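Read through the structure below, which is laid out as structure tokens, and then see the notes.
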Amino acid sequence: MALQKPGIPKGTRDFSPAEIAGRELIFTTVRKIFQLHGYKPIETPAMESLSTLMGKYGEEGDRLIFRILNSGDFTSKVSEADWQQRDPGRLSAQICEKALRYDLTVPFARYVVQYQNDITFPFKRYQIQPVWRADRPQKGRYREFFQCDVDVVGSDSLLNEAEFLQIIDEVFSSLGIRVVIKFNNRKILAGIAQYIGFEDKLTDITIAIDKIEKIGLEKVNEELLERGLSQEAIGKLQPILQLSGSDEEKLQVLSSLLASSEVGMNGIEEIREVFAINALAPTACAVELDLTLARGLNYYTGAIIEVKALDAAMGSICGGGRYDDLTGIFGLQGVSGVGVSFGADRIYDVMKELGLFPQELGTFTKVLAVNFGQRERDYCLALLQKLRMRGVSCEMYPEPAKMKKQMQYADKNQIPFVVLAGESEMNQGLYSLKNMKTGEQLQLPAEELIKKVSTHI
RNA sequence: GUGGAUGUAGCUCAGUAGGUUAGAGCAUCAGAUUGUGGUUCUGAGGGUCGGGGGUUCGAGUCCCCUCUUCCACCCCA
């Protein structure tokens, strides 16, 4: 076989032990907090039926779904005419039955509908698994990445929205990341579209609003014109685009402008209520109303949430919202869901950049026993056995190699303690314990050594 | 999907107007030092110059294609 250059697909990564340690810290943190709020774990397969995924994420999303080619002779089912037509959408639907999941929310909706008779509603679940997107990789953008989703389905209560603000706050403060939570409501955006008389242009309007900070008011107006809005509608939009002041001031202006729009007023009410609940036990991080927060997956219908790190240039590290009709697509009507998704990989990148990972993360083994030969080795093996029974990670260097080599092994692996036992220790029934950080070394009997090592951890 | 940059040893990079056997630091391994690491000294291994094609007597260096990584747009975690 020809020599192959080792490598992995674009946008994917290998993780070293130290990186795993950092990721585990993130996973265990979110898992603990999710469980503290009563959420239960589920998992779903890496692949779903292509039809489950298609059409749920908008046109752009469909393009970014990784398809899985059917096994066997996938060509046989395609008609000659379809081959000739070369329509990618039509063809792929015929030769790909499966696809890698694009997010965790849609598979969750599928799960809820599929097991609706076994589920007690409201159903609170969390799910920590990788997802795949055929996007062009960039900083903080991968083709394989982990999402940590928490959702509740079967409850319309705005208490849920408020709870997610709490969860977000708890996660990021435990991790030591300073963040701001941006909050908005799709219903307000719908109200705005209604108010200016272009309900069908909701997407164009939201995209424009989203861009205002980036390209400025004038360019946004130009773009709106290009997208087919009338001059009059753009005029009516101006006070909204130029909204300023506190959240309450913004809401006041909006409620006078949108007075005639039922959805709009509804959205304003919802935001007020969530803010009111949040005020009972305010989050440490800022929560701000942000009308420019217009993006969000197609299926969001109410609240939209996005979290940004204050001290690092990174896209959103957590996002979510309410979706009223996602299970409806799979045949279960009248079940509303809300949830957020933490982007583990982006959170990792932010923490790395900010140096937020504790130094000890690189430590796996706590004690290394130096191997001086068979008799000494066996003498130490008994001690290691006892250490493990006390939950102390320890290992014996497998070869009677040179001392320097064994010490280097301990050093490189950030092992904090080394046990040495040779002729003199064995004669006294003792072990020498060396603290690699301080260099301090004492001779101790097994029990004392174990006590010393385990209290140190 | 659109536009722009990038690519030389495991890593960070040199490499002069195209001209013999492509260099450095760090890392790795070995020795100095057969019961003491992180410092030091000595030595060694390691490169089809991302891949393919072309121009040329001659290409790491110039041209084209492709891949990778990065940046912007789009979109998003």
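The way I read the labels, and the way they are meant: chains A, B, ... in the order of the structure tokens, residue 1 as the first residue of every chain, and ligand 1 as the first ligand shown, with later ones counted on from there.
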At a cut-off of 6 Å, list the chain A residues touching chain B, using only C-alpha atoms (C1' of nucleotides), as a VMD selection string.
chain A and resid 317 343 407 to 408 411
Write down as a list of chain:residue names the residues of stretch 2-62 of chain A whose backbone DSSP state falls under helix (DSSP H, G or I).
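Answer for stretch 2-62 of chain A restricted to helix (DSSP H, G or I) is A:Pro17, A:Ala18, A:Glu19, A:Ile20, A:Ala21, A:Gly22, A:Arg23, A:Glu24, A:Leu25, A:Ile26, A:Phe27, A:Thr28, A:Thr29, A:Val30, A:Arg31, A:Lys32, A:Ile33, A:Phe34, A:Gln35, A:Leu36, A:Leu50, A:Ser51, A:Thr52, A:Leu53, A:Gly58, A:Glu59, A:Glu60, A:Gly61, A:Asp62.
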With N, CA and C atoms kept, could you save the residues just selected as a compact mmCIF listing (two decimals), in the first residue's frame?
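To be explicit, this is the file written out as part34.txt:
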# COMPACT_ATOMS: atom_id res chain seq x y z
N PRO A 17 -4.95 14.76 25.33
CA PRO A 17 -5.43 14.58 26.71
C PRO A 17 -5.70 15.91 27.42
N ALA A 18 -4.82 16.89 27.24
CA ALA A 18 -5.01 18.17 27.91
C ALA A 18 -6.27 18.88 27.38
N GLU A 19 -6.50 18.77 26.09
CA GLU A 19 -7.69 19.40 25.52
C GLU A 19 -8.95 18.71 26.00
N ILE A 20 -8.89 17.39 26.08
CA ILE A 20 -10.04 16.64 26.60
C ILE A 20 -10.36 17.11 28.02
N ALA A 21 -9.32 17.31 28.82
CA ALA A 21 -9.53 17.74 30.20
C ALA A 21 -10.30 19.06 30.22
N GLY A 22 -9.94 19.98 29.34
CA GLY A 22 -10.63 21.26 29.28
C GLY A 22 -12.06 21.10 28.82
N ARG A 23 -12.26 20.26 27.84
CA ARG A 23 -13.62 20.03 27.34
C ARG A 23 -14.47 19.35 28.40
N GLU A 24 -13.87 18.38 29.10
CA GLU A 24 -14.61 17.69 30.16
C GLU A 24 -15.07 18.67 31.24
N LEU A 25 -14.21 19.62 31.53
CA LEU A 25 -14.58 20.63 32.53
C LEU A 25 -15.85 21.36 32.10
N ILE A 26 -15.91 21.71 30.82
CA ILE A 26 -17.09 22.39 30.30
C ILE A 26 -18.31 21.47 30.36
N PHE A 27 -18.12 20.24 29.90
CA PHE A 27 -19.26 19.31 29.88
C PHE A 27 -19.78 19.02 31.29
N THR A 28 -18.89 18.78 32.22
CA THR A 28 -19.37 18.45 33.56
C THR A 28 -20.03 19.67 34.21
N THR A 29 -19.53 20.85 33.89
CA THR A 29 -20.15 22.06 34.44
C THR A 29 -21.58 22.23 33.93
N VAL A 30 -21.76 22.15 32.62
CA VAL A 30 -23.11 22.35 32.11
C VAL A 30 -24.03 21.20 32.55
N ARG A 31 -23.49 19.99 32.55
CA ARG A 31 -24.31 18.84 32.94
C ARG A 31 -24.83 19.02 34.36
N LYS A 32 -23.93 19.42 35.24
CA LYS A 32 -24.31 19.60 36.64
C LYS A 32 -25.41 20.65 36.77
N ILE A 33 -25.25 21.75 36.06
CA ILE A 33 -26.23 22.84 36.17
C ILE A 33 -27.56 22.44 35.54
N PHE A 34 -27.51 21.74 34.42
CA PHE A 34 -28.75 21.27 33.80
C PHE A 34 -29.51 20.37 34.78
N GLN A 35 -28.77 19.48 35.41
CA GLN A 35 -29.42 18.54 36.33
C GLN A 35 -29.97 19.27 37.55
N LEU A 36 -29.28 20.31 37.99
CA LEU A 36 -29.76 21.07 39.14
C LEU A 36 -31.11 21.72 38.86
N LEU A 50 -32.72 11.85 6.15
CA LEU A 50 -32.54 13.15 5.50
C LEU A 50 -33.83 13.97 5.55
N SER A 51 -34.95 13.29 5.38
CA SER A 51 -36.23 14.01 5.36
C SER A 51 -36.56 14.63 6.72
N THR A 52 -36.04 14.06 7.80
CA THR A 52 -36.27 14.64 9.12
C THR A 52 -35.62 16.02 9.22
N LEU A 53 -34.48 16.13 8.57
CA LEU A 53 -33.69 17.35 8.69
C LEU A 53 -34.04 18.42 7.66
N GLY A 58 -34.08 26.35 6.92
CA GLY A 58 -34.05 27.34 5.85
C GLY A 58 -33.20 26.85 4.69
N GLU A 59 -33.17 27.64 3.67
CA GLU A 59 -32.47 27.26 2.45
C GLU A 59 -30.98 27.07 2.70
N GLU A 60 -30.42 28.03 3.44
CA GLU A 60 -28.99 27.99 3.77
C GLU A 60 -28.67 26.72 4.56
N GLY A 61 -29.53 26.42 5.53
CA GLY A 61 -29.32 25.26 6.37
C GLY A 61 -29.34 23.96 5.57
N ASP A 62 -30.28 23.84 4.67
CA ASP A 62 -30.37 22.63 3.85
C ASP A 62 -29.06 22.37 3.12
Which residues are near stretch 105-108 of chain A? Cut-off 8 Å, only C-alpha atoms (C1' of nucleotides), ignore same chain within fewer than 6 positions. Put them as a PyMOL selection string.
chain A and resi 44+48+52-53+56+149+326
Just to be explicit: take each residue in the selection above, keep all heavy atoms, and write the result as an mmCIF file, in the first residue's frame.
data_model
loop_
_atom_site.group_PDB
_atom_site.id
_atom_site.type_symbol
_atom_site.label_atom_id
_atom_site.label_comp_id
_atom_site.auth_asym_id
_atom_site.auth_seq_id
_atom_site.Cartn_x
_atom_site.Cartn_y
_atom_site.Cartn_z
ATOM 1 N N THR A 44 -29.407 10.896 20.855
ATOM 2 C CA THR A 44 -30.011 10.461 19.598
ATOM 3 C C THR A 44 -28.872 10.115 18.644
ATOM 4 O O THR A 44 -27.725 10.498 18.887
ATOM 5 C CB THR A 44 -30.894 11.572 18.984
ATOM 6 O OG1 THR A 44 -30.070 12.697 18.678
ATOM 7 C CG2 THR A 44 -32.011 11.994 19.921
ATOM 8 N N GLU A 48 -29.675 11.026 11.020
ATOM 9 C CA GLU A 48 -31.129 11.027 10.994
ATOM 10 C C GLU A 48 -31.532 10.767 9.548
ATOM 11 O O GLU A 48 -30.704 10.862 8.631
ATOM 12 C CB GLU A 48 -31.665 12.412 11.413
ATOM 13 C CG GLU A 48 -31.458 12.777 12.872
ATOM 14 C CD GLU A 48 -32.499 12.144 13.810
ATOM 15 O OE1 GLU A 48 -33.525 11.641 13.314
ATOM 16 O OE2 GLU A 48 -32.270 12.159 15.036
ATOM 17 N N THR A 52 -36.037 14.060 7.797
ATOM 18 C CA THR A 52 -36.267 14.642 9.121
ATOM 19 C C THR A 52 -35.618 16.019 9.218
ATOM 20 O O THR A 52 -36.126 16.926 9.867
ATOM 21 C CB THR A 52 -35.670 13.722 10.207
ATOM 22 O OG1 THR A 52 -36.297 12.457 10.139
ATOM 23 C CG2 THR A 52 -35.865 14.310 11.595
ATOM 24 N N LEU A 53 -34.479 16.134 8.566
ATOM 25 C CA LEU A 53 -33.688 17.352 8.693
ATOM 26 C C LEU A 53 -34.036 18.419 7.656
ATOM 27 O O LEU A 53 -34.026 19.620 7.956
ATOM 28 C CB LEU A 53 -32.197 16.985 8.551
ATOM 29 C CG LEU A 53 -31.377 16.645 9.780
ATOM 30 C CD1 LEU A 53 -32.198 16.102 10.928
ATOM 31 C CD2 LEU A 53 -30.252 15.699 9.443
ATOM 32 N N LYS A 56 -35.892 22.321 7.706
ATOM 33 C CA LYS A 56 -36.072 22.839 9.058
ATOM 34 C C LYS A 56 -35.162 24.032 9.346
ATOM 35 O O LYS A 56 -35.350 24.742 10.317
ATOM 36 C CB LYS A 56 -35.753 21.742 10.089
ATOM 37 C CG LYS A 56 -36.433 20.410 9.835
ATOM 38 C CD LYS A 56 -37.940 20.526 9.863
ATOM 39 C CE LYS A 56 -38.607 19.149 9.808
ATOM 40 N NZ LYS A 56 -38.339 18.410 8.548
ATOM 41 N N ASP A 149 -27.368 21.079 24.596
ATOM 42 C CA ASP A 149 -28.724 21.617 24.505
ATOM 43 C C ASP A 149 -29.516 21.371 25.781
ATOM 44 O O ASP A 149 -29.432 20.294 26.347
ATOM 45 C CB ASP A 149 -29.465 20.921 23.360
ATOM 46 C CG ASP A 149 -29.339 21.676 22.049
ATOM 47 O OD1 ASP A 149 -28.236 22.185 21.787
ATOM 48 O OD2 ASP A 149 -30.334 21.743 21.302
ATOM 49 N N LEU A 326 -42.440 23.184 16.256
ATOM 50 C CA LEU A 326 -41.458 22.248 15.714
ATOM 51 C C LEU A 326 -41.967 20.810 15.719
ATOM 52 O O LEU A 326 -41.739 20.054 14.775
ATOM 53 C CB LEU A 326 -40.155 22.359 16.515
ATOM 54 C CG LEU A 326 -38.914 21.806 15.845
ATOM 55 C CD1 LEU A 326 -38.757 22.332 14.434
ATOM 56 C CD2 LEU A 326 -37.685 22.152 16.655
#
Might you pull out every residue within 12 Å of B:C63, with only C-alpha atoms (C1' of nucleotides) counted and same-chain residues fewer than 5 positions away left off, and present them as a ChimeraX atom specification?
/B:53-56
Which residues, written as number ranges by chain, have at least one atom at most 7 Å from stretch 157-162 of chain A, with only C-alpha atoms (C1' of nucleotides) counted and residues fewer than 5 positions away on the same chain left out?
A: 274, 277-278
With N, CA, C and O atoms retained, export the selected residues as a PDB file, in the first residue's frame.
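The file below, out.pdb, is the result:
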ATOM      1  N   VAL A 274     -40.815  38.204  31.242  1.00  0.00           N
ATOM      2  CA  VAL A 274     -39.549  37.492  31.479  1.00  0.00           C
ATOM      3  C   VAL A 274     -38.610  38.373  32.301  1.00  0.00           C
ATOM      4  O   VAL A 274     -37.984  37.916  33.268  1.00  0.00           O
ATOM      5  N   ILE A 277     -39.772  38.401  35.909  1.00  0.00           N
ATOM      6  CA  ILE A 277     -39.407  37.195  36.662  1.00  0.00           C
ATOM      7  C   ILE A 277     -37.922  37.223  36.975  1.00  0.00           C
ATOM      8  O   ILE A 277     -37.487  36.913  38.091  1.00  0.00           O
ATOM      9  N   ASN A 278     -37.162  37.621  36.013  1.00  0.00           N
ATOM     10  CA  ASN A 278     -35.718  37.670  36.207  1.00  0.00           C
ATOM     11  C   ASN A 278     -35.322  38.651  37.311  1.00  0.00           C
ATOM     12  O   ASN A 278     -34.347  38.435  38.019  1.00  0.00           O
TER      13      ASN A 278
END
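All residues of protein, DNA or RNA that reach within 7 Å of A:Tyr195, judged by only C-alpha atoms (C1' of nucleotides) and not counting those fewer than 3 positions away in the chain, are Gly191, Ile192, Leu258 and Ser261 of chain A.
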Please, could you write that set of residues out with N, CA and C atoms as a short mmCIF file (atom, residue, chain, number, x, y, z; two decimals), in the first residue's frame?
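The file below, part-v7.cif, is the result:
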data_model
loop_
_atom_site.label_atom_id
_atom_site.label_comp_id
_atom_site.auth_asym_id
_atom_site.auth_seq_id
_atom_site.Cartn_x
_atom_site.Cartn_y
_atom_site.Cartn_z
N GLY A 191 -44.40 42.04 14.60
CA GLY A 191 -45.21 43.23 14.79
C GLY A 191 -44.68 44.39 13.98
N ILE A 192 -43.39 44.53 13.95
CA ILE A 192 -42.77 45.60 13.18
C ILE A 192 -43.08 45.43 11.69
N LEU A 258 -46.36 50.01 18.03
CA LEU A 258 -46.95 48.74 17.60
C LEU A 258 -48.34 48.51 18.19
N SER A 261 -50.71 46.36 16.47
CA SER A 261 -50.33 44.99 16.11
C SER A 261 -50.45 44.06 17.31
#
If you run DSSP on this backbone, which residues of stretch 85-288 of chain A come out as strand (DSSP E), and could you give them as a PyMOL selection string?
chain A and resi 98-100+123-132+144-153+179-185+286-288
Counting only C-alpha atoms (C1' of nucleotides), what is within 12 Å of B:C73, bar same-chain residues fewer than 5 positions away, as a ChimeraX atom specification?
/A:136 /B:1-4
Got time to write the residues from that selection, N, CA, C and O atoms (P, O5', C5', C4', C3', O3' and C1' of nucleotides), as a JSON list (two decimals), in the first residue's frame?
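Done, and the output landed in again_16.json:
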[["chain", "number", "residue", "atom", "x", "y", "z"],
["A", 136, "ARG", "N", -18.08, 26.47, 5.70],
["A", 136, "ARG", "CA", -16.66, 26.72, 5.46],
["A", 136, "ARG", "C", -16.01, 27.08, 6.79],
["A", 136, "ARG", "O", -16.43, 28.02, 7.45],
["B", 1, "G", "P", -18.87, 24.89, -2.64],
["B", 1, "G", "O5'", -19.90, 26.09, -2.67],
["B", 1, "G", "C5'", -20.75, 26.26, -3.80],
["B", 1, "G", "C4'", -21.29, 27.65, -3.75],
["B", 1, "G", "C3'", -20.24, 28.75, -3.83],
["B", 1, "G", "O3'", -19.85, 29.00, -5.16],
["B", 1, "G", "C1'", -21.76, 29.23, -2.07],
["B", 2, "U", "P", -18.36, 29.49, -5.49],
["B", 2, "U", "O5'", -18.41, 31.02, -5.09],
["B", 2, "U", "C5'", -19.20, 31.93, -5.84],
["B", 2, "U", "C4'", -19.00, 33.34, -5.33],
["B", 2, "U", "C3'", -17.55, 33.78, -5.20],
["B", 2, "U", "O3'", -17.01, 34.22, -6.43],
["B", 2, "U", "C1'", -18.73, 34.36, -3.23],
["B", 3, "G", "P", -15.42, 34.04, -6.70],
["B", 3, "G", "O5'", -14.78, 35.12, -5.73],
["B", 3, "G", "C5'", -14.85, 36.51, -6.07],
["B", 3, "G", "C4'", -14.30, 37.33, -4.93],
["B", 3, "G", "C3'", -12.84, 37.06, -4.56],
["B", 3, "G", "O3'", -11.91, 37.68, -5.43],
["B", 3, "G", "C1'", -14.15, 37.18, -2.60],
["B", 4, "G", "P", -10.44, 37.01, -5.62],
["B", 4, "G", "O5'", -9.71, 37.33, -4.24],
["B", 4, "G", "C5'", -9.40, 38.68, -3.87],
["B", 4, "G", "C4'", -8.80, 38.70, -2.50],
["B", 4, "G", "C3'", -7.55, 37.85, -2.31],
["B", 4, "G", "O3'", -6.39, 38.47, -2.83],
["B", 4, "G", "C1'", -9.01, 37.56, -0.48]]
